[in-house]
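Report on one structure; see the data block that follows.
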Amino acid sequence: MTTVRTLQPNDARAVVERIVHQLSDDARRRPLVNAHLDGEVLYETILHATTSTWVAFDDGTVVGHLYGAVLGDPTHALAAWTGPDGASFDDADVLTQLVRDASASWRRAGAAQHFSWTLDDDEHIDPWRSLGYEPLSVRGVMKLLERDVRALPAGLSLRAARPADIDQVLELDHVIDVAQGEPGAVSRKDRHAIRREILELLEDPEVKHYVVEGDGNVLAQAITFPLPARRGSFDETLHLSEVVVHPSVQGHGVASAMIDAVLDDARREGYHYVEAQWRVTNEQASSFWPRYGLAPTYVRLARSLT
């Protein structure tokens, strides 16, 4: 009979072994997943996460674990988050019991949703889908190699974003919302928070905010920053986000040329990989990124807790 409880210190080694095995298997299936991890660092991390990690047992043997951190920010409601190394289970019944017990705790903490990353294949997704989870976004990875940089169309140029661009950048942000199937009105409070966040990014020395300009108008953008150390990702990885082209110049190679230049900069600065994420509801992005060369690795699943 399977039982579930929160993690105790003497469970940590067994959970580490499960994570190491799972990450190795993920890398075997998806070569752009990094299987390397420091087991001792992971062990110490788990010891500090006893109240947010649930462990499943069958006859005294660990048969699964589930970690979930409840997080939020000014523009998003509280939600529980599980990374690719945050869940393991011997079968779907074990996952069901882990999610049942953890969800009750997350709801008490005020979380409205649970997001969980898992490998992007049906074998890994289906057990979650049976519990009501649905794919929300995909993580794609590409190794940076020297390649030809395509030119932008005549009359367009690439430059660093400036604070004076903020209103046009917000318009591009709305283009992303529409592409993702989220064209609803943004509240004044949220718009103010997004404006403040963009202005803070422009002041961050680790962030590069590129824009494509034509006739004095901002027509495309891309934001990059160094990806923090994260299990499953390689060192020297650049995170590429908020890539968008204004509808008036879509279909003319602007996105490809802009990203070529951005990634050429990154390669010259010593980055070896690039990661990006895209919503599954964004048909343009779902088609563009694999065609450009990013290979899907993990998928983010979502389920309401209310």
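Letters A, B, ... mark the chains of the structure tokens in the order given; residue numbers begin at 1 per chain; ligand numbers begin at 1, in order shown.
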Tell me which protein, DNA and RNA residues are within 10 Å of Phe234 of chain A, counting only C-alpha atoms, leaving out same-chain ones fewer than 5 positions away, and put them as a PyMOL selection string.
chain A and resi 32-36+141+143+227-229+272-275
Mind running segment 144-231 of chain A against segment 243-260 of chain A at 10 Å and telling me each contacting residue's nearest atom pair with the distance in Å (one decimal), counting only C-alpha atoms, chain and number ascending, as a tab-separated table?
residue	atom	partner	partner_atom	distance
A:Arg147	CA	A:Asp260	CA	8.2
A:Asp148	CA	A:Asp260	CA	7.8
A:Val149	CA	A:Asp260	CA	5.2
A:Arg150	CA	A:Ala257	CA	4.9
A:Ala151	CA	A:Ala257	CA	5.6
A:Leu152	CA	A:Ala257	CA	5.4
A:Pro153	CA	A:Val254	CA	6.9
A:Leu156	CA	A:Val254	CA	8.8
A:Ser157	CA	A:Met258	CA	9.1
A:Leu158	CA	A:Met258	CA	7.2
A:Val169	CA	A:Val244	CA	9.8
A:Glu171	CA	A:His246	CA	8.8
A:Leu172	CA	A:His246	CA	6.6
A:Asp173	CA	A:Val244	CA	7.9
A:His174	CA	A:Val244	CA	9.8
A:Val175	CA	A:His246	CA	7.1
A:Ile176	CA	A:Val244	CA	6.5
A:Ala179	CA	A:Val244	CA	9.5
A:Tyr210	CA	A:Met258	CA	8.5
A:Val211	CA	A:Met258	CA	8.5
A:Val212	CA	A:Met258	CA	7.5
A:Gly214	CA	A:Val249	CA	10.0
A:Val218	CA	A:His246	CA	8.4
A:Leu219	CA	A:His246	CA	5.1
A:Ala220	CA	A:Val245	CA	4.2
A:Gln221	CA	A:Val243	CA	5.6
A:Ala222	CA	A:Val243	CA	4.4
A:Ile223	CA	A:Val243	CA	7.0
A:Thr224	CA	A:Val243	CA	9.5
Extract, using only C-alpha atoms, all DNA, RNA and protein residues at most 12 Å from Arg29 of chain A, discarding same-chain residues fewer than 2 positions from it, and format them as a list of chain:residue names.
A:Gln22, A:Leu23, A:Ser24, A:Asp25, A:Asp26, A:Ala27, A:Pro31, A:Leu32, A:Val33, A:Asn34, A:Ala35, A:Leu119, A:Asp120, A:Asp121, A:Glu123, A:His124, A:Ala295, A:Pro296, A:Thr297, A:Tyr298
Could you tell me how far atom CA of Tyr133 of chain A lies from atom CA of Ala79 of chain A, in Å and to one decimal?
14.1 Å
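Proximity ranking of A:Pro135, A:Gly293, A:Gly181, A:Gly68 relative to Thr82 of chain A places A:Gly68 first, based on only C-alpha atoms.
Minimum atom-to-atom distance to Asp91 of chain A, evaluated using only C-alpha atoms, belongs to A:His65 out of A:His239, A:Arg159, A:Arg291, A:His65.
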